[in-house]
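A.B. asks: Pasting a structure below so you can have a look.
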Amino acid sequence: MIDDFIEMAKHTNRSSTGANKKCYVFGEYVLLCYNGYVDLNDEIAPKKVAIMQLLMQRGVNIAALIDYKKVDGISYELQLRAPGEELYDYDLYSSDENGHKKYLERLRSISSEGPEFYDKFVHDWNEILNSGLNIDPSKTGNFFYTPGKICFIDLNMRTMPLEKRKEYIYMEMSTVLRGGGLPWMCTSVSKEAVELIKTIYIKLGEAIIRAHGDIEAYIMQTDKYNDLGLSDYFQDYIKSTSRTI
Ligand SMILES: Nc1ncnc2c1ncn2[C@@H]1O[C@H](COP(=O)(O)OP(=O)(O)OP(=O)(O)O)[C@@H](O)[C@H]1O
Ligand SMILES: [Mg+2]
């Protein structure tokens, strides 16, 4: 199946490009074409597929990975198209009024989400990090949004111990939900944006407290997952389901 998409991609204008992959959209599917700077090597690809399958079985909102293949030295990944659109995919960073308007609309939408939305976001974020995959929070395009739901994309095997990131996790989550760092330029012209961001911070903080007792406990619990590869958590899970990686 992936061969057909690789062939179709040759005759298609690419739809969007990140720093490392080109993305071709075909209806419900997307074909990602790696540029080689970041790659799916033979050692990590099967692990990544197995982890993503486990995450999906556990109901974590990630874009489903269907298949992967290397052709003429280029790696491809076939995924299901994530529902919705990039969390903040607008021209937020210009002084353009339209960009500000769209930014505010998205902030209103996120800030009016209920507790279950925030609980799920925190839950899925933790599950993904604890699984041995990494989330890249530096781009809000790595999170797809449709009202009520966030889907995580652009997940790669983690190369850095999770321990080093623990102080940053709350900061990263909140930065993603408010649309990155640069939108502060927009907030400087809008009191409403500041208020909406505060609401998002409070709702996110409450979700973290619900999940982990308190924020300190939340930070502490990430101590358990300081290995480079699969965490104990997932090793146990894999054993319990008799899967091998
Ligand atoms: N499953 C998917 N569903 C819908 N769109 C997707 C999907 N995967 C990727 N895309 C689109 O392609 C873009 C690039 O994909 P991705 O983020 O995986 O690549 P990248 O080059 O690693 O990105 P980055 O610039 O964040 O490093 C995404 O921002 C998104 O717009
Ligand atoms: Mg990306």
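Here, A, B, ... name the chains of the structure tokens in the order displayed, residue numbers run from 1 inside each chain, and ligands are numbered from 1 in the same displayed order.
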Need to verify the contact set: Tyr76 in chain A, 8 Å, only C-alpha atoms, exclusion of same-chain residues closer than 5 positions in sequence. Can you return it as a ChimeraX atom specification?
C.D. replies: /A:6,31-34,68-71
A.B. asks: Could you report the residues within 6 Å of ligand 1, using only C-alpha atoms and all ligand atoms, as a VMD selection string?
C.D. replies: chain A and resid 16 to 21 23 30 63 79 to 82 139 141 to 142 153 to 154
A.B. asks: Set the distance at 8 Å and use only C-alpha atoms: which residues neighbour Ile135 in chain A once local chain neighbours fewer than 2 positions away are removed? I'd like the list as a PyMOL selection string.
C.D. replies: chain A and resi 125+128-129+133+137+152+154-156
A.B. asks: Give me, as a PyMOL selection string, all polymer residues having an atom no more than 8 Å from Ser174 in chain A, counting only C-alpha atoms and skipping those fewer than 4 positions away in the same chain.
C.D. replies: chain A and resi 170+178+200-201+204
A.B. asks: Can you tell me which residues surround Glu192 in chain A at a distance of at most 10 Å, considering only C-alpha atoms, apart from same-chain residues fewer than 6 positions away, and format the answer as a VMD selection string?
C.D. replies: chain A and resid 104 107 to 108 198
A.B. asks: Please determine, counting only C-alpha atoms and all ligand atoms, which residue among A:Thr175, A:Gln57, A:Thr12, A:Asn134 has the shortest atom-to-atom distance to ligand 2.
C.D. replies: A:Asn134
A.B. asks: Point out the residue among A:Asp96, A:Glu105, A:Asp89, A:Glu116 with the least atom-to-atom distance to ligand 2, counting only C-alpha atoms and all ligand atoms.
C.D. replies: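 Using only C-alpha atoms and all ligand atoms, the shortest distance to ligand 2 belongs to A:Asp89.
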A.B. asks: Tell me, as JSON, numbers by chain, which residues lie within 12 Å of Leu196 in chain A, counting only C-alpha atoms; anything in the same chain fewer than 6 positions away does not count.
C.D. replies: {"A": [103, 104, 105, 106, 107, 108, 109, 110, 111, 112, 113, 177, 178, 179, 187, 190, 202, 203]}
A.B. asks: Print the selection's residues with N, CA and C atoms to a file, as an mmCIF file, in the first residue's frame.
C.D. replies:
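Printed below is selection_22.cif as written:
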```cif
data_model
loop_
_atom_site.group_PDB
_atom_site.id
_atom_site.type_symbol
_atom_site.label_atom_id
_atom_site.label_comp_id
_atom_site.auth_asym_id
_atom_site.auth_seq_id
_atom_site.Cartn_x
_atom_site.Cartn_y
_atom_site.Cartn_z
ATOM 1 N N TYR A 103 -5.837 34.192 15.983
ATOM 2 C CA TYR A 103 -5.178 33.752 17.216
ATOM 3 C C TYR A 103 -6.153 33.831 18.397
ATOM 4 N N LEU A 104 -6.844 34.962 18.486
ATOM 5 C CA LEU A 104 -7.817 35.131 19.571
ATOM 6 C C LEU A 104 -8.932 34.087 19.510
ATOM 7 N N GLU A 105 -9.383 33.806 18.292
ATOM 8 C CA GLU A 105 -10.451 32.806 18.146
ATOM 9 C C GLU A 105 -9.992 31.454 18.673
ATOM 10 N N ARG A 106 -8.753 31.095 18.330
ATOM 11 C CA ARG A 106 -8.255 29.797 18.787
ATOM 12 C C ARG A 106 -8.059 29.794 20.308
ATOM 13 N N LEU A 107 -7.555 30.909 20.841
ATOM 14 C CA LEU A 107 -7.398 31.012 22.302
ATOM 15 C C LEU A 107 -8.751 30.876 23.005
ATOM 16 N N ARG A 108 -9.768 31.517 22.439
ATOM 17 C CA ARG A 108 -11.111 31.421 23.033
ATOM 18 C C ARG A 108 -11.564 29.967 23.043
ATOM 19 N N SER A 109 -11.300 29.283 21.945
ATOM 20 C CA SER A 109 -11.742 27.906 21.839
ATOM 21 C C SER A 109 -11.015 27.016 22.866
ATOM 22 N N ILE A 110 -9.700 27.140 22.951
ATOM 23 C CA ILE A 110 -8.927 26.298 23.891
ATOM 24 C C ILE A 110 -9.317 26.632 25.336
ATOM 25 N N SER A 111 -9.462 27.932 25.617
ATOM 26 C CA SER A 111 -9.717 28.320 27.014
ATOM 27 C C SER A 111 -11.132 27.945 27.454
ATOM 28 N N SER A 112 -12.019 27.709 26.491
ATOM 29 C CA SER A 112 -13.373 27.325 26.901
ATOM 30 C C SER A 112 -13.555 25.802 26.926
ATOM 31 N N GLU A 113 -12.492 25.053 26.644
ATOM 32 C CA GLU A 113 -12.586 23.588 26.733
ATOM 33 C C GLU A 113 -12.797 23.167 28.193
ATOM 34 N N LEU A 177 -0.219 25.189 24.423
ATOM 35 C CA LEU A 177 -1.644 25.542 24.439
ATOM 36 C C LEU A 177 -1.887 27.033 24.223
ATOM 37 N N ARG A 178 -0.907 27.851 24.535
ATOM 38 C CA ARG A 178 -1.121 29.277 24.310
ATOM 39 C C ARG A 178 -0.597 29.729 22.938
ATOM 40 N N GLY A 179 0.016 28.806 22.208
ATOM 41 C CA GLY A 179 0.420 29.142 20.846
ATOM 42 C C GLY A 179 1.852 29.599 20.715
ATOM 43 N N THR A 187 -0.401 39.412 22.326
ATOM 44 C CA THR A 187 -1.032 39.688 23.615
ATOM 45 C C THR A 187 -0.758 41.118 24.050
ATOM 46 N N SER A 190 -3.638 42.978 23.124
ATOM 47 C CA SER A 190 -4.965 42.509 23.484
ATOM 48 C C SER A 190 -5.045 42.052 24.935
ATOM 49 N N ILE A 202 -4.608 28.130 34.222
ATOM 50 C CA ILE A 202 -5.294 27.620 35.419
ATOM 51 C C ILE A 202 -5.896 26.243 35.123
ATOM 52 N N LYS A 203 -6.567 26.132 33.982
ATOM 53 C CA LYS A 203 -7.200 24.847 33.658
ATOM 54 C C LYS A 203 -6.148 23.748 33.486
#
```
A.B. asks: Identify all residues of range 113-210 of chain A in strand (DSSP E) (DSSP on the backbone) and supply them as a PDB file with C-alpha atoms, in the first residue's frame.
C.D. replies:
```
ATOM      1  CA  LEU A 133       8.914   8.734  22.264  1.00  0.00           C
ATOM      2  CA  ASN A 134       9.610  12.429  22.278  1.00  0.00           C
ATOM      3  CA  PHE A 143      -0.331  19.302  17.552  1.00  0.00           C
ATOM      4  CA  PHE A 144      -3.562  19.016  15.593  1.00  0.00           C
ATOM      5  CA  TYR A 145      -6.721  20.471  17.042  1.00  0.00           C
ATOM      6  CA  THR A 146     -10.357  19.872  16.484  1.00  0.00           C
ATOM      7  CA  LYS A 149      -9.456  16.995  20.993  1.00  0.00           C
ATOM      8  CA  ILE A 150      -5.712  17.357  20.459  1.00  0.00           C
ATOM      9  CA  CYS A 151      -3.849  14.842  18.321  1.00  0.00           C
ATOM     10  CA  PHE A 152      -0.062  14.555  18.679  1.00  0.00           C
ATOM     11  CA  ASN A 156      10.298  10.585  17.267  1.00  0.00           C
ATOM     12  CA  MET A 157      12.297   8.224  19.470  1.00  0.00           C
TER      13      MET A 157
END
```
A.B. asks: Using backbone DSSP assignments, extract all alpha helix (DSSP H) residues from range 23-188 of chain A; output them as a ChimeraX atom specification.
C.D. replies: /A:44-57,97-111,115-131,169-178,184-187
A.B. asks: Could you tell me how far CA of Cys186 in chain A lies from CA of Lys101 in chain A, in Å and to one decimal?
C.D. replies: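 CA of Cys186 in chain A sits 9.5 Å away from CA of Lys101 in chain A.
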A.B. asks: Of the residues A:Glu127, A:Ile209, A:Gly36, A:His11, which is the one nearest to Met52 in chain A, using only C-alpha atoms?
C.D. replies: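 Ranked by minimum distance to Met52 in chain A, first place goes to A:Glu127.
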